[in-house]
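Text of input19.cif, listed as mmCIF, C-alpha atoms:
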```
data_query
loop_
_atom_site.label_atom_id
_atom_site.label_comp_id
_atom_site.auth_asym_id
_atom_site.auth_seq_id
_atom_site.Cartn_x
_atom_site.Cartn_y
_atom_site.Cartn_z
CA MET A 1 12.30 16.79 -2.25
CA ALA A 2 9.52 18.92 -0.81
CA GLU A 3 6.62 17.22 -2.48
CA PRO A 4 3.09 18.62 -2.11
CA MET A 5 1.15 17.86 1.04
CA LYS A 6 -2.37 16.47 1.08
CA ILE A 7 -4.61 18.61 3.26
CA ARG A 8 -8.19 17.88 4.25
CA ALA A 9 -10.19 20.47 6.20
CA LEU A 10 -13.72 19.36 7.03
CA LEU A 11 -16.23 21.37 9.07
CA LYS A 12 -18.21 19.26 11.54
CA GLY A 13 -20.46 21.34 13.79
CA ASP A 14 -18.32 24.32 14.77
CA ILE A 15 -15.02 22.46 14.59
CA VAL A 16 -12.83 22.10 11.53
CA ASP A 17 -10.94 18.83 11.40
CA ILE A 18 -7.66 19.50 9.61
CA ARG A 19 -5.67 16.47 8.47
CA VAL A 20 -2.37 16.73 6.69
CA LEU A 21 -0.26 14.08 4.95
CA ILE A 22 3.37 15.11 4.54
CA ALA A 23 5.97 13.34 2.41
CA HIS A 24 9.23 13.55 4.34
CA PRO A 25 12.02 11.05 5.14
CA MET A 26 12.18 12.11 8.85
CA GLU A 27 15.61 10.56 9.40
CA THR A 28 16.41 10.07 13.07
CA GLY A 29 20.17 10.28 12.63
CA GLN A 30 20.51 6.80 14.08
CA ARG A 31 19.74 4.65 11.08
CA LYS A 32 22.56 3.16 9.02
CA ASP A 33 22.47 2.72 5.27
CA VAL A 34 23.45 -0.40 3.32
CA ALA A 35 27.14 0.58 3.46
CA GLY A 36 26.99 0.98 7.25
CA ALA A 37 27.30 4.78 7.26
CA ILE A 38 24.96 6.73 9.51
CA VAL A 39 22.16 8.48 7.61
CA PRO A 40 22.30 12.11 8.74
CA LEU A 41 19.55 13.69 10.79
CA HIS A 42 16.84 15.10 8.54
CA PHE A 43 13.53 16.03 10.09
CA ILE A 44 10.78 18.63 10.08
CA GLN A 45 11.53 21.25 12.73
CA ASN A 46 8.76 23.79 12.47
CA VAL A 47 5.15 23.48 11.43
CA VAL A 48 2.76 26.41 11.12
CA VAL A 49 -0.96 26.24 10.40
CA THR A 50 -2.76 29.41 9.33
CA HIS A 51 -6.43 30.27 9.09
CA ASN A 52 -7.03 32.99 6.46
CA GLY A 53 -3.41 34.03 6.93
CA LYS A 54 -3.53 34.21 10.72
CA THR A 55 -1.33 31.72 12.58
CA VAL A 56 -3.40 29.31 14.66
CA TYR A 57 -0.82 26.60 15.32
CA GLU A 58 2.92 26.76 15.65
CA GLY A 59 4.78 23.60 16.51
CA GLN A 60 8.34 22.43 16.96
CA TRP A 61 8.70 18.83 15.92
CA SER A 62 11.45 16.37 16.64
CA GLN A 63 13.00 13.38 14.91
CA ALA A 64 10.64 11.20 16.95
CA VAL A 65 7.85 11.85 14.43
CA SER A 66 7.44 9.07 11.87
CA ARG A 67 8.36 9.07 8.22
CA ASN A 68 5.61 10.42 5.89
CA PRO A 69 3.71 11.75 8.91
CA VAL A 70 0.01 12.29 9.33
CA PHE A 71 -0.75 15.44 11.27
CA ALA A 72 -4.16 16.53 12.58
CA VAL A 73 -5.38 19.66 14.37
CA ARG A 74 -8.85 20.87 15.22
CA LEU A 75 -9.88 24.46 14.86
CA ARG A 76 -12.90 26.28 16.20
CA GLY A 77 -14.43 29.33 14.57
CA ALA A 78 -13.68 28.70 10.89
CA LYS A 79 -16.32 28.68 8.15
CA VAL A 80 -16.75 26.76 4.91
CA GLY A 81 -14.60 28.43 2.24
CA ASP A 82 -11.95 29.69 4.66
CA LYS A 83 -8.34 29.10 3.68
CA ILE A 84 -6.17 26.79 5.74
CA GLY A 85 -2.43 27.02 5.09
CA VAL A 86 0.21 24.61 6.30
CA THR A 87 3.96 25.25 6.19
CA TRP A 88 6.80 23.04 7.30
CA VAL A 89 10.52 23.78 7.52
CA ASP A 90 13.07 21.03 8.10
CA ASN A 91 16.54 21.12 9.65
CA LYS A 92 18.18 21.44 6.23
CA GLY A 93 16.16 24.56 5.47
CA ASP A 94 13.94 22.74 2.99
CA GLN A 95 10.33 23.90 3.19
CA ARG A 96 6.90 23.60 1.70
CA THR A 97 3.64 25.51 1.95
CA ASP A 98 0.27 24.23 0.79
CA GLU A 99 -3.26 25.50 1.11
CA ALA A 100 -6.71 23.97 1.36
CA VAL A 101 -10.23 25.32 1.56
CA VAL A 102 -12.56 24.35 4.40
CA ALA A 103 -15.27 22.04 3.08
CA PRO A 104 -18.42 20.78 4.80
CA ALA A 105 -18.19 17.23 6.13
CA SER A 106 -20.42 15.05 4.02
CA MET B 1 -1.82 -24.20 55.42
CA PRO B 2 -5.39 -24.89 54.36
CA VAL B 3 -5.61 -21.20 53.45
CA ALA B 4 -2.64 -21.43 51.13
CA ARG B 5 -4.06 -24.48 49.42
CA SER B 6 -7.35 -22.76 48.66
CA ASP B 7 -5.41 -19.78 47.25
CA ILE B 8 -3.73 -22.01 44.76
CA ALA B 9 -7.05 -23.52 43.79
CA VAL B 10 -8.57 -20.09 43.14
CA LEU B 11 -5.64 -19.02 41.01
CA ALA B 12 -5.90 -22.14 38.91
CA VAL B 13 -9.57 -21.54 38.21
CA VAL B 14 -8.97 -17.97 37.12
CA TRP B 15 -6.18 -19.05 34.81
CA LEU B 16 -8.31 -21.71 33.17
CA ALA B 17 -11.19 -19.32 32.77
CA THR B 18 -8.97 -16.77 31.01
CA TRP B 19 -7.66 -19.39 28.66
CA GLY B 20 -11.11 -20.50 27.73
CA ALA B 21 -12.38 -16.98 27.19
CA ALA B 22 -9.50 -15.53 25.17
CA PRO B 23 -10.33 -16.95 21.71
CA VAL B 24 -13.95 -15.86 22.04
CA LEU B 25 -12.89 -12.30 22.87
CA ALA B 26 -10.47 -12.15 19.95
CA GLN B 27 -13.19 -13.20 17.51
CA SER B 28 -15.94 -10.88 18.67
CA ALA B 29 -14.04 -7.69 19.42
CA ASP B 30 -11.13 -7.89 16.92
CA PRO B 31 -9.01 -5.24 18.67
CA LEU B 32 -6.74 -4.93 15.64
CA ALA B 33 -9.59 -3.68 13.47
CA VAL B 34 -9.73 -0.41 15.41
CA GLY B 35 -6.11 0.37 14.67
CA ARG B 36 -6.47 -0.70 11.06
CA LYS B 37 -9.38 1.67 10.57
CA MET B 38 -7.44 4.57 12.08
CA LEU B 39 -4.53 3.89 9.75
CA ALA B 40 -6.74 3.60 6.68
CA GLU B 41 -8.36 6.98 7.23
CA ASP B 42 -5.10 8.87 6.74
CA ASN B 43 -3.19 6.74 4.32
CA PRO B 44 0.22 8.19 3.37
CA GLY B 45 -0.02 6.04 0.23
CA GLU B 46 -2.15 8.82 -1.24
CA LEU B 47 1.01 10.87 -1.64
CA TRP B 48 2.17 8.27 -4.17
CA ILE B 49 -0.87 8.80 -6.41
CA ASP B 50 0.30 12.30 -7.31
CA ARG B 51 3.86 11.05 -7.80
CA GLY B 52 2.61 8.36 -10.15
CA LYS B 53 0.46 10.82 -12.07
CA THR B 54 3.42 13.13 -12.62
CA LEU B 55 5.59 10.23 -13.77
CA PHE B 56 2.88 8.99 -16.14
CA TYR B 57 2.49 12.27 -18.03
CA GLN B 58 6.12 13.37 -17.86
CA GLN B 59 8.34 12.92 -20.91
CA ARG B 60 11.02 10.56 -19.66
CA GLY B 61 13.63 8.06 -20.74
CA PRO B 62 16.03 7.98 -23.71
CA LYS B 63 13.10 8.44 -26.11
CA SER B 64 11.74 11.34 -24.05
CA ALA B 65 8.16 10.11 -24.20
CA SER B 66 5.28 9.98 -21.76
CA LEU B 67 3.28 6.81 -21.07
CA GLU B 68 0.14 8.26 -22.62
CA GLN B 69 0.35 5.85 -25.57
CA CYS B 70 0.60 2.82 -23.29
CA ASP B 71 -2.22 0.34 -23.88
CA PHE B 72 -3.34 -1.46 -20.74
CA GLY B 73 -5.92 -3.43 -22.65
CA VAL B 74 -8.71 -0.89 -23.11
CA GLY B 75 -6.90 1.31 -25.65
CA PRO B 76 -3.80 3.54 -25.70
CA GLY B 77 -3.81 6.00 -22.81
CA LYS B 78 -7.11 4.72 -21.43
CA LEU B 79 -6.72 4.09 -17.72
CA ASP B 80 -10.23 4.14 -16.27
CA GLY B 81 -11.14 0.58 -15.41
CA ALA B 82 -8.01 -0.84 -17.06
CA THR B 83 -6.75 -2.67 -13.97
CA THR B 84 -10.10 -4.38 -13.38
CA GLN B 85 -9.24 -6.59 -16.37
CA LEU B 86 -5.61 -7.33 -15.58
CA PRO B 87 -3.86 -9.72 -16.01
CA ARG B 88 -5.04 -10.29 -19.58
CA TYR B 89 -3.69 -11.43 -22.94
CA PHE B 90 -1.97 -8.81 -25.10
CA PRO B 91 -1.65 -9.66 -28.82
CA ASP B 92 1.35 -7.33 -29.39
CA THR B 93 3.56 -9.17 -26.90
CA ASP B 94 1.71 -12.49 -27.33
CA LYS B 95 1.70 -12.84 -23.55
CA VAL B 96 -0.59 -12.68 -20.57
CA GLN B 97 0.59 -9.66 -18.60
CA ASP B 98 -0.30 -8.13 -15.26
CA LEU B 99 -0.25 -4.40 -14.59
CA GLU B 100 3.40 -4.27 -13.66
CA SER B 101 4.79 -6.39 -16.50
CA ARG B 102 2.71 -4.33 -18.95
CA LEU B 103 4.07 -1.16 -17.39
CA VAL B 104 7.62 -2.43 -17.83
CA THR B 105 6.85 -3.29 -21.49
CA CYS B 106 5.64 0.28 -22.10
CA MET B 107 8.58 1.87 -20.31
CA VAL B 108 10.92 -0.16 -22.52
CA GLN B 109 9.06 0.25 -25.83
CA LEU B 110 7.78 3.82 -25.53
CA GLN B 111 10.34 5.47 -23.31
CA GLY B 112 13.40 3.41 -24.24
CA PHE B 113 14.38 2.40 -20.71
CA ASN B 114 16.53 -0.68 -20.20
CA ARG B 115 14.37 -3.53 -18.95
CA ASP B 116 16.96 -4.89 -16.54
CA ASP B 117 17.42 -1.47 -14.94
CA ILE B 118 13.68 -1.07 -14.32
CA VAL B 119 13.27 -4.58 -12.96
CA LYS B 120 16.27 -4.19 -10.66
CA ARG B 121 14.77 -1.06 -9.12
CA ALA B 122 11.08 -1.98 -9.34
CA ILE B 123 10.92 -3.14 -5.73
CA SER B 124 12.44 -0.24 -3.85
CA PRO B 125 14.88 -0.83 -1.00
CA ALA B 126 13.68 -0.21 2.56
CA GLY B 127 14.15 3.37 3.71
CA SER B 128 13.96 4.78 0.17
CA ASN B 129 11.36 7.02 -1.38
CA GLY B 130 9.91 4.19 -3.45
CA SER B 131 10.39 3.27 -7.10
CA ASP B 132 8.84 4.70 -10.26
CA VAL B 133 7.02 1.43 -10.94
CA GLU B 134 5.44 1.43 -7.48
CA ALA B 135 4.14 4.98 -7.89
CA LEU B 136 2.93 4.37 -11.46
CA ALA B 137 1.21 1.10 -10.54
CA LEU B 138 -0.66 2.84 -7.75
CA TYR B 139 -1.70 5.79 -9.92
CA ILE B 140 -2.98 3.52 -12.71
CA THR B 141 -4.84 1.28 -10.25
CA SER B 142 -6.34 4.29 -8.49
CA ARG B 143 -8.01 5.20 -11.79
CA SER B 144 -10.10 2.02 -11.33
CA ASN B 145 -11.15 2.90 -7.79
CA GLY B 146 -14.78 2.03 -7.15
CA MET B 147 -14.92 -0.37 -10.11
CA LYS B 148 -15.31 -4.12 -9.94
CA MET B 149 -12.65 -6.69 -10.78
CA ASN B 150 -13.67 -8.38 -13.99
CA ILE B 151 -11.04 -10.83 -15.22
CA SER B 152 -11.92 -12.87 -18.29
CA LEU B 153 -10.36 -16.18 -19.19
CA SER B 154 -11.70 -16.17 -22.74
CA HIS B 155 -8.29 -16.45 -24.42
CA GLN B 156 -6.60 -19.85 -24.22
CA LYS B 157 -3.40 -18.32 -22.81
CA GLU B 158 -5.38 -16.57 -20.08
CA TYR B 159 -6.99 -19.85 -19.14
CA ASP B 160 -3.61 -21.62 -19.15
CA MET B 161 -2.16 -18.90 -16.90
CA TYR B 162 -5.09 -19.30 -14.54
CA LYS B 163 -4.67 -23.07 -14.36
CA ALA B 164 -0.91 -22.69 -13.79
CA GLY B 165 -1.63 -20.25 -10.97
CA GLU B 166 -4.12 -22.61 -9.39
CA TYR B 167 -1.55 -25.40 -9.57
CA LEU B 168 1.12 -23.21 -7.95
CA PHE B 169 -1.28 -22.07 -5.23
CA TYR B 170 -1.97 -25.66 -4.14
CA ARG B 171 1.43 -27.25 -4.86
CA ARG B 172 3.75 -27.91 -1.94
CA SER B 173 7.31 -27.00 -2.87
CA GLY B 174 10.72 -25.92 -1.63
CA GLN B 175 12.77 -26.95 1.39
CA THR B 176 9.85 -26.32 3.75
CA ASP B 177 7.44 -28.29 1.54
CA LEU B 178 4.96 -25.46 1.80
CA ALA B 179 2.08 -24.39 -0.45
CA CYS B 180 0.23 -21.06 -0.46
CA VAL B 181 -2.93 -22.87 0.55
CA GLN B 182 -1.42 -24.12 3.79
CA CYS B 183 -1.34 -20.60 5.22
CA HIS B 184 -4.17 -19.12 3.17
CA GLY B 185 -6.66 -21.98 2.99
CA GLU B 186 -8.33 -21.63 6.38
CA ALA B 187 -9.96 -18.84 8.35
CA ASN B 188 -8.36 -17.17 11.39
CA LYS B 189 -4.76 -18.24 10.84
CA ARG B 190 -1.85 -16.08 11.87
CA ILE B 191 1.92 -15.73 11.64
CA ARG B 192 2.77 -14.24 15.03
CA LEU B 193 0.32 -11.34 15.27
CA GLN B 194 -0.38 -10.97 11.56
CA ASP B 195 -3.71 -12.27 10.38
CA LEU B 196 -3.39 -14.43 7.30
CA ILE B 197 -6.04 -13.87 4.71
CA HIS B 198 -8.33 -16.80 3.93
CA MET B 199 -7.94 -16.93 0.16
CA THR B 200 -10.01 -19.96 -0.67
CA ASP B 201 -12.91 -17.88 0.64
CA LYS B 202 -14.47 -15.41 -1.81
CA LYS B 203 -14.52 -12.52 0.66
CA GLY B 204 -10.93 -13.11 1.69
CA VAL B 205 -9.52 -13.21 -1.81
CA GLN B 206 -11.53 -10.13 -2.76
CA GLU B 207 -9.86 -8.25 0.06
CA VAL B 208 -6.50 -9.19 -1.47
CA VAL B 209 -7.15 -8.22 -5.05
CA SER B 210 -8.86 -4.90 -4.27
CA THR B 211 -6.24 -3.39 -1.94
CA TRP B 212 -2.92 -3.61 -3.79
CA PRO B 213 -0.85 -1.48 -4.36
CA ALA B 214 -0.84 -0.58 -0.69
CA TYR B 215 1.13 1.57 1.73
CA ARG B 216 3.26 -0.79 3.79
CA GLY B 217 3.54 0.96 7.15
CA GLY B 218 6.66 -0.82 8.32
CA HIS B 219 8.52 -0.01 5.07
CA PHE B 220 7.22 3.56 4.68
CA VAL B 221 6.62 2.94 0.98
CA VAL B 222 3.89 1.78 -1.37
CA ARG B 223 4.24 -1.88 -2.28
CA THR B 224 2.66 -3.78 -5.17
CA MET B 225 1.23 -7.24 -5.79
CA GLN B 226 4.57 -8.30 -7.32
CA TRP B 227 6.28 -7.40 -4.06
CA ARG B 228 3.67 -9.26 -2.02
CA LEU B 229 4.29 -12.44 -4.01
CA TYR B 230 8.06 -11.93 -3.92
CA ASP B 231 7.94 -11.64 -0.14
CA CYS B 232 5.68 -14.68 0.21
CA PHE B 233 8.18 -16.71 -1.79
CA TRP B 234 10.98 -15.46 0.42
CA GLN B 235 9.03 -16.34 3.56
CA MET B 236 8.37 -19.82 2.15
CA ARG B 237 12.14 -20.19 1.46
CA LEU B 238 11.43 -20.75 -2.22
CA PRO B 239 13.85 -19.64 -4.95
CA GLU B 240 13.74 -15.87 -5.49
CA LEU B 241 10.66 -14.89 -7.47
CA THR B 242 11.74 -13.01 -10.59
CA TYR B 243 9.96 -9.69 -11.00
CA ALA B 244 7.13 -9.85 -13.57
CA SER B 245 7.93 -13.51 -14.28
CA ASP B 246 5.33 -15.95 -15.60
CA VAL B 247 5.13 -17.60 -12.17
CA SER B 248 4.14 -14.29 -10.56
CA ILE B 249 1.65 -13.53 -13.32
CA ALA B 250 0.12 -17.01 -13.06
CA LEU B 251 -0.52 -16.58 -9.33
CA THR B 252 -1.86 -13.06 -9.90
CA THR B 253 -4.20 -14.32 -12.63
CA TYR B 254 -5.48 -17.07 -10.35
CA LEU B 255 -6.08 -14.75 -7.39
CA HIS B 256 -7.58 -11.92 -9.45
CA TYR B 257 -10.00 -14.27 -11.19
CA GLN B 258 -11.02 -15.73 -7.84
CA GLY B 259 -11.60 -12.19 -6.60
CA ASN B 260 -13.82 -11.11 -9.51
CA GLY B 261 -16.50 -8.71 -8.33
CA ALA B 262 -14.29 -7.07 -5.69
CA VAL B 263 -14.51 -3.27 -5.68
CA ILE B 264 -11.07 -1.72 -6.10
CA LYS B 265 -10.04 0.64 -3.32
CA VAL B 266 -6.40 1.70 -3.41
CA PRO B 267 -4.08 2.56 -1.82
CA GLY B 268 -4.67 -0.14 0.73
CA PHE B 269 -2.94 0.01 4.07
CA LYS B 270 -0.88 -2.88 5.32
CA ARG B 271 0.67 -2.94 8.79
#
```

Rewritten as structure tokens:
Amino acid sequence: MAEPMKIRALLKGDIVDIRVLIAHPMETGQRKDVAGAIVPLHFIQNVVVTHNGKTVYEGQWSQAVSRNPVFAVRLRGAKVGDKIGVTWVDNKGDQRTDEAVVAPAS
Amino acid sequence: MPVARSDIAVLAVVWLATWGAAPVLAQSADPLAVGRKMLAEDNPGELWIDRGKTLFYQQRGPKSASLEQCDFGVGPGKLDGATTQLPRYFPDTDKVQDLESRLVTCMVQLQGFNRDDIVKRAISPAGSNGSDVEALALYITSRSNGMKMNISLSHQKEYDMYKAGEYLFYRRSGQTDLACVQCHGEANKRIRLQDLIHMTDKKGVQEVVSTWPAYRGGHFVVRTMQWRLYDCFWQMRLPELTYASDVSIALTTYLHYQGNGAVIKVPGFKR
């Protein structure tokens, strides 16, 4: 598990559009498998976005978020070349951190 | 009482007017296109490209080999533009093969996997992380992104496959006496809310051949052309379509040739 995320950070005007694709099963705890057993709850609990190491977003997610989610935030005050980091931690303690560099929107 | 009667008359006029206007609105505005565009911008299918790339270069299987020696028709290990020419005839297997059947051949010959095992798992079950074949097919096709479909029918077997596919596309069969063309031969047809692609139209068929493999939103996995055909057969209540069978390759050859000139853009996004 914990496959790499895909992060896009594009500067348009003075706002950076950050878009993140995360590979995660996001099990709701209500789905049953082929054998009829309930698939245990497995979802991303905490998400942190950093800008040059400084936390700019901290979120608590729930099992209501879809599988393989797309996540977008907008950030003011960042420049081209700045580092955007994204970290998620799920309810099983699994986690992943990836980084992207702010690029100009073409 | 006269008041009530006129009320009814007004209501009836409004109702008729709405009925008359609805099809016009649906054609001009296409409200679904907005949602489709939003989904396509952030396509989770892109996560599968990296998965496929890792699987392609990893040493796997009983023979512990990568797929780098696999020949998709433009030379061993050459992937750029390879899928623009598939399905095509391969002299080593003496068969016309599509991307997925060729992939299975390589996984068996180079890596030593058991063919039945791969085929059984090729179409991943719902709620899973997807199969190796799905990820590999997407990675290999993504290496042809931006290139044009260019299927040739120069070999006799390629031409025969094409003709067989054309026959299957138009032939009514099964308990519902249904042919592909009955759903896909006219513009603006739907099954419930799903638009059916007009495949006897050049633009329509090009949209088909350039967007598979695609992320299937409702399944949360990347699906391939083989799956699309398998599911069509199931929906038509035809006998189960065997994975990478000649029937599936014939239909793929027919559609891909019809779609020649389409610019490949994968992963596509399907509802």

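With all atoms listed in the file as the basis for measurement, A:Val34 is the residue among A:Val34, A:Val48, A:Val16, A:Val101 that approaches chain B most closely.
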
- Message: Residues of chain A within 7 Å of chain B, counting only C-alpha atoms, what are they? List them as an MDAnalysis selection string.
- Response: chainID A and resid 21 23 67:68 70

- Task: Convert the output of the PyMOL selection byres ((chain A and resi 55-63) around 8) on the shown file into explicit residues, formatted as a VMD selection string.
- Result: chain A and resid 26 to 28 41 to 51 53 to 54 64 to 66

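For the pair atom CA of B:Met149 and atom CA of B:Phe56, the separation is 22.7 Å.
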
Around stretch 28-36 of chain A, fit a box with edges along x, y and z, padding it by 8 Å on each side, then list its centre and edge lengths in Å to one decimal as JSON.
```
{"center_x": 21.8, "center_y": 4.9, "center_z": 8.7, "size_x": 26.7, "size_y": 26.7, "size_z": 26.8}
```

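Computed from the coordinates, the atom CA of B:Ser124 to atom CA of B:Glu100 distance equals 13.9 Å.
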
- Neighbour list for A:Lys79 as a count of residues only, cut-off 8 Å, all atoms listed in the file, skip fewer than 2 positions in-chain: 5

Which residues match the PyMOL selection byres ((chain A and resi 13) around 10) in the file above, as a PDB file with C-alpha atoms, keeping the file's coordinate frame?
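The result, stored in expr-v2.pdb:
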```
ATOM      1  CA  LEU A  10     -13.720  19.360   7.030  1.00  0.00           C
ATOM      2  CA  LEU A  11     -16.230  21.370   9.070  1.00  0.00           C
ATOM      3  CA  LYS A  12     -18.210  19.260  11.540  1.00  0.00           C
ATOM      4  CA  ASP A  14     -18.320  24.320  14.770  1.00  0.00           C
ATOM      5  CA  ILE A  15     -15.020  22.460  14.590  1.00  0.00           C
ATOM      6  CA  VAL A  16     -12.830  22.100  11.530  1.00  0.00           C
ATOM      7  CA  ARG A  76     -12.900  26.280  16.200  1.00  0.00           C
ATOM      8  CA  PRO A 104     -18.420  20.780   4.800  1.00  0.00           C
ATOM      9  CA  ALA A 105     -18.190  17.230   6.130  1.00  0.00           C
TER      10      ALA A 105
END
```

Report as a PDB file with C-alpha atoms, in the coordinates of the input the full result of the PyMOL selection byres ((chain B and resi 151) around 6) when it is applied to this structure.
```pdb
ATOM      1  CA  GLN B  85      -9.240  -6.590 -16.370  1.00  0.00           C
ATOM      2  CA  ASN B 150     -13.670  -8.380 -13.990  1.00  0.00           C
ATOM      3  CA  SER B 152     -11.920 -12.870 -18.290  1.00  0.00           C
ATOM      4  CA  TYR B 257     -10.000 -14.270 -11.190  1.00  0.00           C
TER       5      TYR B 257
END
```

- Message: Can you pull out the residues contacting B:Val108? Cut-off 9 Å, using all atoms listed in the file, and skip same-chain residues under 5 positions away; I want them as a PyMOL selection string.
- Response: chain B and resi 61+103+113-115+118

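Taking atom CA of B:Cys180 as the reference point, atom CA of B:Ser248 is found at 12.8 Å.
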